[in-house]
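What follows is the content of upload-v1.txt, which has compact mmCIF, C-alpha atoms:
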```txt
# COMPACT_ATOMS: atom_id res chain seq x y z
CA MET A 1 -69.68 -23.27 -47.14
CA ALA A 2 -66.61 -24.23 -49.19
CA ALA A 3 -65.06 -25.87 -46.12
CA ALA A 4 -68.20 -27.91 -45.41
CA LEU A 5 -68.48 -29.06 -49.02
CA SER A 6 -64.77 -29.89 -49.18
CA GLU A 7 -65.10 -32.07 -46.09
CA ALA A 8 -68.12 -33.87 -47.52
CA ILE A 9 -66.55 -34.43 -50.95
CA ARG A 10 -63.23 -35.64 -49.56
CA ALA A 11 -65.07 -38.05 -47.26
CA GLU A 12 -66.68 -39.60 -50.35
CA GLY A 13 -63.29 -39.98 -52.07
CA ILE A 14 -64.24 -37.74 -54.98
CA ARG A 15 -61.75 -35.56 -56.86
CA PHE A 16 -62.87 -31.94 -57.06
CA ASN A 17 -61.87 -28.41 -58.06
CA PHE A 18 -63.06 -25.07 -56.71
CA PHE A 19 -63.39 -21.98 -58.89
CA SER A 20 -64.28 -18.37 -58.16
CA ALA A 21 -64.77 -17.33 -61.82
CA ILE A 22 -67.37 -18.84 -64.14
CA ASP A 23 -65.15 -18.54 -67.24
CA GLU A 24 -62.50 -20.72 -65.60
CA ALA A 25 -65.16 -23.22 -64.55
CA ARG A 26 -66.64 -23.37 -68.07
CA LYS A 27 -63.24 -24.21 -69.56
CA LEU A 28 -62.77 -27.12 -67.16
CA ILE A 29 -66.33 -28.37 -67.62
CA ASN A 30 -65.99 -28.24 -71.40
CA LYS A 31 -62.72 -30.16 -71.23
CA ASP A 32 -63.23 -32.75 -68.47
CA ARG A 33 -67.03 -33.19 -68.34
CA PRO A 34 -67.30 -33.62 -64.55
CA SER A 35 -69.96 -35.82 -62.98
CA LEU A 36 -71.34 -32.98 -60.85
CA VAL A 37 -71.29 -29.17 -60.74
CA ILE A 38 -72.09 -27.32 -57.50
CA LEU A 39 -72.79 -23.58 -57.67
CA GLU A 40 -73.52 -20.99 -55.01
CA HIS A 41 -76.35 -18.50 -55.35
CA ASP A 42 -76.34 -15.42 -53.15
CA LYS A 43 -78.22 -12.37 -54.44
CA ALA A 44 -75.85 -9.99 -52.67
CA ARG A 45 -72.61 -11.62 -53.87
CA VAL A 46 -72.92 -14.09 -56.70
CA ASP A 47 -75.59 -14.79 -59.32
CA GLY A 48 -75.71 -18.57 -59.36
CA MET A 49 -78.61 -18.58 -61.83
CA ALA A 50 -76.60 -16.67 -64.43
CA ASN A 51 -73.65 -19.01 -63.86
CA CYS A 52 -75.91 -22.02 -64.31
CA ARG A 53 -77.26 -20.63 -67.58
CA ALA A 54 -73.68 -20.09 -68.77
CA ILE A 55 -72.84 -23.72 -68.01
CA ARG A 56 -75.97 -24.95 -69.76
CA GLN A 57 -74.79 -23.21 -72.94
CA ILE A 58 -71.95 -25.74 -73.21
CA LYS A 59 -72.82 -28.11 -76.05
CA ASP A 60 -74.17 -31.52 -75.01
CA HIS A 61 -73.72 -30.66 -71.34
CA GLU A 62 -76.13 -32.73 -69.20
CA THR A 63 -74.14 -32.91 -65.97
CA PRO A 64 -76.28 -32.29 -62.85
CA VAL A 65 -75.95 -28.72 -61.58
CA VAL A 66 -76.73 -28.31 -57.89
CA MET A 67 -77.43 -24.87 -56.48
CA VAL A 68 -76.42 -23.98 -52.92
CA ALA A 69 -78.60 -21.21 -51.47
CA VAL A 70 -80.40 -20.10 -48.33
CA GLN A 71 -83.78 -20.61 -49.99
CA GLU A 72 -85.03 -22.62 -52.94
CA ASP A 73 -86.42 -20.74 -55.95
CA PRO A 74 -88.02 -23.45 -58.11
CA GLY A 75 -89.14 -21.10 -60.90
CA ALA A 76 -85.79 -19.41 -61.44
CA GLY A 77 -84.00 -22.71 -60.96
CA ALA A 78 -86.03 -24.50 -63.62
CA ALA A 79 -85.53 -21.63 -66.07
CA SER A 80 -81.76 -21.67 -65.47
CA GLY A 81 -81.30 -25.44 -65.64
CA VAL A 82 -80.77 -26.22 -61.95
CA SER A 83 -80.99 -29.98 -61.30
CA ASP A 84 -81.35 -29.85 -57.51
CA TRP A 85 -80.83 -27.66 -54.46
CA LEU A 86 -78.69 -27.80 -51.33
CA ILE A 87 -80.17 -25.38 -48.81
CA LYS A 88 -77.99 -23.70 -46.18
CA PRO A 89 -77.28 -24.37 -43.41
CA PHE A 90 -76.51 -28.05 -43.94
CA THR A 91 -74.49 -30.67 -42.11
CA SER A 92 -71.59 -32.57 -43.62
CA SER A 93 -73.53 -35.86 -43.34
CA TYR A 94 -76.46 -34.42 -45.28
CA ALA A 95 -74.17 -32.99 -47.97
CA ARG A 96 -72.34 -36.33 -48.25
CA THR A 97 -75.60 -38.21 -48.77
CA LYS A 98 -76.76 -35.78 -51.44
CA ILE A 99 -73.39 -35.66 -53.21
CA ARG A 100 -73.17 -39.45 -53.29
CA ALA A 101 -76.63 -39.65 -54.84
CA TRP A 102 -75.89 -36.98 -57.46
CA VAL A 103 -72.57 -38.49 -58.51
CA LEU A 104 -73.95 -42.02 -58.72
CA ARG A 105 -77.23 -40.82 -60.27
CA THR A 106 -79.19 -42.72 -57.64
CA GLU A 107 -82.15 -41.71 -55.52
CA CYS A 108 -81.34 -39.82 -52.33
CA ARG A 109 -83.91 -41.05 -49.84
CA TRP A 110 -83.33 -38.32 -47.30
CA ILE A 111 -85.41 -35.19 -47.66
CA ARG A 112 -84.87 -32.42 -45.18
CA ALA A 113 -87.88 -30.34 -44.23
CA THR A 114 -88.74 -27.16 -46.10
CA ILE A 115 -88.16 -23.96 -44.13
CA PRO A 116 -91.51 -22.45 -43.04
CA ASP A 117 -92.63 -19.19 -44.65
CA ASP A 118 -92.79 -17.53 -41.22
CA GLU A 119 -89.33 -18.77 -40.19
CA GLU A 120 -87.97 -15.40 -39.01
CA ARG A 121 -90.99 -14.72 -36.80
CA ARG A 122 -91.08 -18.33 -35.63
CA ILE A 123 -87.44 -18.26 -34.47
CA ALA A 124 -87.99 -14.91 -32.75
CA SER A 125 -91.03 -16.29 -30.90
CA LEU A 126 -89.11 -19.40 -29.84
CA ARG A 127 -86.20 -17.42 -28.48
CA GLU A 128 -88.47 -15.00 -26.63
CA LEU A 129 -89.51 -17.97 -24.48
CA LYS A 130 -85.92 -18.15 -23.15
CA ILE A 131 -86.25 -21.92 -22.88
CA LEU A 132 -83.47 -23.06 -25.21
CA ASP A 133 -80.44 -24.57 -23.43
CA THR A 134 -82.16 -24.54 -20.05
CA GLU A 135 -81.89 -27.38 -17.55
CA PRO A 136 -84.37 -30.30 -17.49
CA GLU A 137 -87.61 -29.61 -15.60
CA GLU A 138 -89.95 -32.10 -13.98
CA ARG A 139 -93.06 -30.42 -15.44
CA PHE A 140 -91.83 -31.29 -18.96
CA ASP A 141 -90.39 -34.69 -18.05
CA ARG A 142 -93.79 -35.74 -16.65
CA ILE A 143 -95.29 -35.18 -20.10
CA THR A 144 -92.76 -37.39 -21.93
CA ARG A 145 -93.02 -40.14 -19.29
CA LEU A 146 -96.81 -40.13 -19.59
CA ALA A 147 -96.75 -40.10 -23.40
CA ALA A 148 -94.32 -43.03 -23.57
CA ALA A 149 -96.38 -45.04 -21.08
CA LEU A 150 -99.72 -44.36 -22.78
CA PHE A 151 -98.48 -45.35 -26.24
CA HIS A 152 -96.08 -48.11 -25.16
CA VAL A 153 -92.96 -46.68 -26.83
CA PRO A 154 -89.42 -46.51 -25.41
CA MET A 155 -88.73 -42.90 -26.43
CA ALA A 156 -90.64 -39.63 -26.11
CA VAL A 157 -89.28 -36.14 -26.70
CA ILE A 158 -90.29 -32.50 -26.44
CA SER A 159 -88.36 -31.09 -29.38
CA LEU A 160 -87.79 -27.41 -30.21
CA ILE A 161 -86.65 -26.53 -33.74
CA ASP A 162 -84.04 -23.77 -33.65
CA LYS A 163 -82.40 -22.18 -36.70
CA ASP A 164 -80.01 -25.04 -37.46
CA ARG A 165 -80.64 -27.61 -34.74
CA GLN A 166 -83.29 -29.63 -32.98
CA TRP A 167 -82.99 -29.16 -29.22
CA PHE A 168 -84.69 -31.37 -26.64
CA LYS A 169 -86.31 -29.77 -23.61
CA SER A 170 -87.31 -33.21 -22.36
CA CYS A 171 -85.85 -36.42 -23.71
CA LEU A 172 -86.92 -39.88 -22.49
CA GLY A 173 -84.98 -42.85 -23.85
CA LEU A 174 -82.36 -40.87 -25.79
CA ASN A 175 -78.96 -39.65 -24.65
CA ALA A 176 -78.72 -36.72 -27.07
CA LYS A 177 -79.58 -33.15 -26.12
CA GLU A 178 -79.81 -31.94 -29.71
CA THR A 179 -79.39 -33.05 -33.33
CA PRO A 180 -78.84 -31.21 -36.63
CA ARG A 181 -82.06 -29.74 -38.00
CA ASP A 182 -81.64 -31.30 -41.43
CA ALA A 183 -81.91 -34.79 -39.87
CA ALA A 184 -84.94 -33.92 -37.71
CA PHE A 185 -88.28 -35.63 -38.36
CA CYS A 186 -89.83 -32.90 -36.22
CA ALA A 187 -88.75 -30.19 -38.67
CA HIS A 188 -91.28 -31.63 -41.13
CA VAL A 189 -94.03 -31.21 -38.54
CA VAL A 190 -92.94 -27.62 -37.90
CA HIS A 191 -93.23 -26.87 -41.61
CA SER A 192 -96.65 -28.52 -42.10
CA ARG A 193 -98.08 -27.58 -38.67
CA GLU A 194 -99.92 -30.90 -38.83
CA PRO A 195 -99.46 -34.13 -36.85
CA MET A 196 -97.23 -36.63 -38.66
CA ILE A 197 -97.00 -40.41 -38.29
CA VAL A 198 -94.25 -42.44 -39.95
CA PRO A 199 -95.13 -46.15 -39.49
CA ASP A 200 -91.78 -47.35 -40.86
CA ALA A 201 -88.95 -44.94 -41.65
CA PHE A 202 -87.26 -47.53 -43.91
CA GLN A 203 -90.31 -47.40 -46.18
CA ASP A 204 -90.62 -43.60 -46.22
CA VAL A 205 -88.83 -41.74 -49.03
CA ARG A 206 -88.07 -38.79 -46.74
CA PHE A 207 -86.21 -40.77 -44.08
CA ALA A 208 -84.91 -44.10 -45.43
CA ASP A 209 -81.23 -43.07 -45.41
CA ASN A 210 -81.47 -40.48 -42.65
CA PRO A 211 -78.54 -40.94 -40.21
CA VAL A 212 -80.84 -41.41 -37.19
CA VAL A 213 -82.52 -44.24 -39.10
CA ILE A 214 -79.51 -46.12 -40.45
CA ASN A 215 -77.39 -45.38 -37.35
CA GLU A 216 -78.18 -45.02 -33.66
CA PRO A 217 -80.82 -44.55 -32.32
CA ARG A 218 -82.18 -46.44 -35.42
CA ILE A 219 -85.61 -44.83 -35.50
CA ARG A 220 -88.27 -46.89 -37.30
CA PHE A 221 -91.52 -45.44 -35.93
CA TYR A 222 -92.22 -41.73 -35.43
CA ALA A 223 -95.29 -39.77 -34.37
CA GLY A 224 -95.10 -36.02 -33.83
CA TYR A 225 -97.66 -33.42 -32.74
CA PRO A 226 -97.00 -29.70 -33.35
CA LEU A 227 -96.43 -27.33 -30.44
CA MET A 228 -98.11 -24.02 -31.28
CA LEU A 229 -97.81 -20.60 -29.65
CA ASP A 230 -100.64 -18.08 -29.35
CA ASP A 231 -99.18 -16.04 -32.25
CA GLY A 232 -99.53 -19.03 -34.58
CA SER A 233 -95.86 -20.01 -34.54
CA CYS A 234 -95.03 -23.71 -34.51
CA ILE A 235 -91.89 -24.07 -32.41
CA GLY A 236 -91.49 -27.83 -32.13
CA THR A 237 -93.24 -31.08 -31.32
CA LEU A 238 -94.16 -33.63 -28.73
CA CYS A 239 -93.04 -36.83 -30.43
CA LEU A 240 -92.99 -40.59 -29.87
CA LEU A 241 -90.20 -42.84 -31.20
CA ASP A 242 -89.56 -46.55 -31.44
CA ASN A 243 -86.94 -48.89 -32.92
CA THR A 244 -89.66 -51.12 -34.32
CA PRO A 245 -92.16 -50.09 -37.03
CA SER A 246 -95.94 -50.00 -37.41
CA HIS A 247 -97.48 -48.59 -34.26
CA SER A 248 -101.07 -47.48 -34.55
```

Go ahead and express the file in the form of structure tokens.
Amino acid sequence: MAAALSEAIRAEGIRFNFFSAIDEARKLINKDRPSLVILEHDKARVDGMANCRAIRQIKDHETPVVMVAVQEDPGAGAASGVSDWLIKPFTSSYARTKIRAWVLRTECRWIRATIPDDEERRIASLRELKILDTEPEERFDRITRLAAALFHVPMAVISLIDKDRQWFKSCLGLNAKETPRDAAFCAHVVHSREPMIVPDAFQDVRFADNPVVINEPRIRFYAGYPLMLDDGSCIGTLCLLDNTPSHS
């Protein structure tokens, strides 16, 4: 985690210090008043909530405190003074976007999907299919070709949401085989288990500065339908994509 954050912070040209002891961190914070504090919370190793409360005891300290954890705990975070969360695992590009927003006190218009409550069972069910990292198959490619033709879009994908990636079993119009999960539109569908249509990603708070929107393949329109297993697990989506907005 420290390596990933270091890479992201250096890439933004921000000066930083790492500390393993809260007393040492409090002394620096009290002296230098940094623009951002990032803490780790791991119940088995480090109590980030207690460390956040200790920082909040510093007089007139209003610096944003971001908590890095495997799962968000809004109640405990609010009581401890946590400003925002960075949920593991995360990519360097996602961390950079969030760090830039926190430091500049601007809105970060890239919201990664919440992890589903049944995530452990869902991942187990997905992997029991033994379909991840298999070769392309005509029976799946027929579906994406038909979907793209019916809805007049240049891209259609059968996407499976793994633990930290989005992997494509069939991919029409895109060269990628997988993308990071935190940049995946489809991860939002997996969490909600409901179809999702994004008429224009530039106008949607969740995706406006997502790297697949501002960079190639420059997604503007998205429509995703959940793929459900018999045990109730949502493992991915059949989705339609376009570089132009406002399909109906």

- [ ] Compile the contact shell of region 52-68 of chain A as a ChimeraX atom specification: residues with an atom at most 10 Å away, counting all atoms listed in the file, same-chain residues fewer than 4 positions apart removed.
- [x] /A:1,22-23,25-27,29-30,33-42,47-48,72-73,77,79-90,98-99,102-103,105

May I have the protein, DNA and RNA residues with any atom at most 9 Å from the point (-87.8, -30.1, -36.3), counting all atoms listed in the file, written as a PDB file with C-alpha atoms, in the frame of the given file?
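And here's out34.pdb as it stands now:
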```
ATOM      1  CA  ALA A 113     -87.880 -30.340 -44.230  1.00  0.00           C
ATOM      2  CA  SER A 159     -88.360 -31.090 -29.380  1.00  0.00           C
ATOM      3  CA  LEU A 160     -87.790 -27.410 -30.210  1.00  0.00           C
ATOM      4  CA  ILE A 161     -86.650 -26.530 -33.740  1.00  0.00           C
ATOM      5  CA  ASP A 162     -84.040 -23.770 -33.650  1.00  0.00           C
ATOM      6  CA  ARG A 165     -80.640 -27.610 -34.740  1.00  0.00           C
ATOM      7  CA  GLN A 166     -83.290 -29.630 -32.980  1.00  0.00           C
ATOM      8  CA  TRP A 167     -82.990 -29.160 -29.220  1.00  0.00           C
ATOM      9  CA  ARG A 181     -82.060 -29.740 -38.000  1.00  0.00           C
ATOM     10  CA  ASP A 182     -81.640 -31.300 -41.430  1.00  0.00           C
ATOM     11  CA  ALA A 183     -81.910 -34.790 -39.870  1.00  0.00           C
ATOM     12  CA  ALA A 184     -84.940 -33.920 -37.710  1.00  0.00           C
ATOM     13  CA  PHE A 185     -88.280 -35.630 -38.360  1.00  0.00           C
ATOM     14  CA  CYS A 186     -89.830 -32.900 -36.220  1.00  0.00           C
ATOM     15  CA  ALA A 187     -88.750 -30.190 -38.670  1.00  0.00           C
ATOM     16  CA  HIS A 188     -91.280 -31.630 -41.130  1.00  0.00           C
ATOM     17  CA  VAL A 189     -94.030 -31.210 -38.540  1.00  0.00           C
ATOM     18  CA  VAL A 190     -92.940 -27.620 -37.900  1.00  0.00           C
ATOM     19  CA  HIS A 191     -93.230 -26.870 -41.610  1.00  0.00           C
ATOM     20  CA  ILE A 235     -91.890 -24.070 -32.410  1.00  0.00           C
ATOM     21  CA  GLY A 236     -91.490 -27.830 -32.130  1.00  0.00           C
ATOM     22  CA  THR A 237     -93.240 -31.080 -31.320  1.00  0.00           C
TER      23      THR A 237
END
```

- [ ] Between CA of Ile143 (chain A) and CA of Leu172 (chain A), measure the distance and give it in Å to one decimal.
- [x]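 CA of Leu172 (chain A) lies at a distance of 9.9 Å from CA of Ile143 (chain A).
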
Open item on the list: If we draw a sphere of 9 Å around (-91.1, -42.5, -27.7), which residues have at least one atom in it when counting all atoms listed in the file? Please report them as a PyMOL selection string.
Closed with: chain A and resi 144-145+147-149+151-157+171-173+221-223+239-242

Open item on the list: If I take CA of Trp110 (chain A) and CA of Met49 (chain A), how far is one from the other in Å, to one decimal?
Closed with: 25.0 Å

Task: Pick from A:Asn17, A:Gln71, A:Thr97, A:Ser6, whichever lies nearest to Asn210 (chain A) using all atoms listed in the file - done: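 Closest residue, counting all atoms listed in the file: A:Thr97.
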
Task: One-decimal distance in Å that lies between CA of Ala95 (chain A) and CA of Ala4 (chain A) - done: 8.2 Å

Task: Top pick for closest residue to Asn175 (chain A), considering A:Asp230, A:Pro217, A:Glu135, A:Glu194 and counting all atoms listed in the file - done: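 When distances to Asn175 (chain A) are compared using all atoms listed in the file, the smallest one comes from A:Pro217.
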
TODO: May I ask which of the residues A:Thr91, A:Pro226, A:Gly75, A:Arg121 is the closest one to Ala8 (chain A), counting only C-alpha atoms?
DONE: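 Smallest separation from Ala8 (chain A) among the options: A:Thr91.
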
Open item on the list: So that I can check the surroundings of Arg122 (chain A), please list as a ChimeraX atom specification every protein, DNA and RNA residue that reaches within 9 Å of it, counting all atoms listed in the file and ignoring chain neighbours fewer than 6 positions away.
Closed with: /A:116,232-235

Task: Shortest interatomic distance to Val46 (chain A) - which of A:Asn243, A:Ser93, A:Ser170, A:Ser20, counting only C-alpha atoms - done: A:Ser20

Open item on the list: So, with all atoms listed in the file as the atoms that count, which of A:Ala208, A:Ile14, A:Ile158, A:Leu229 lies closest to Glu128 (chain A)?
Closed with: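 Ranked by minimum distance to Glu128 (chain A), first place goes to A:Leu229.
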
Axis-aligned box for region 102-116 of chain A, 8 Å per side, centre and edges in Å as lines of an AutoDock Vina configuration file:
```
center_x = -82.0
center_y = -32.6
center_z = -51.7
size_x = 34.9
size_y = 36.3
size_z = 33.2
```

Open item on the list: Could you check the closest approach to Pro245 (chain A) for each of A:Thr134, A:Ser125, A:Gln203, A:Ser92 and tell me which residue wins, using only C-alpha atoms?
Closed with: A:Gln203
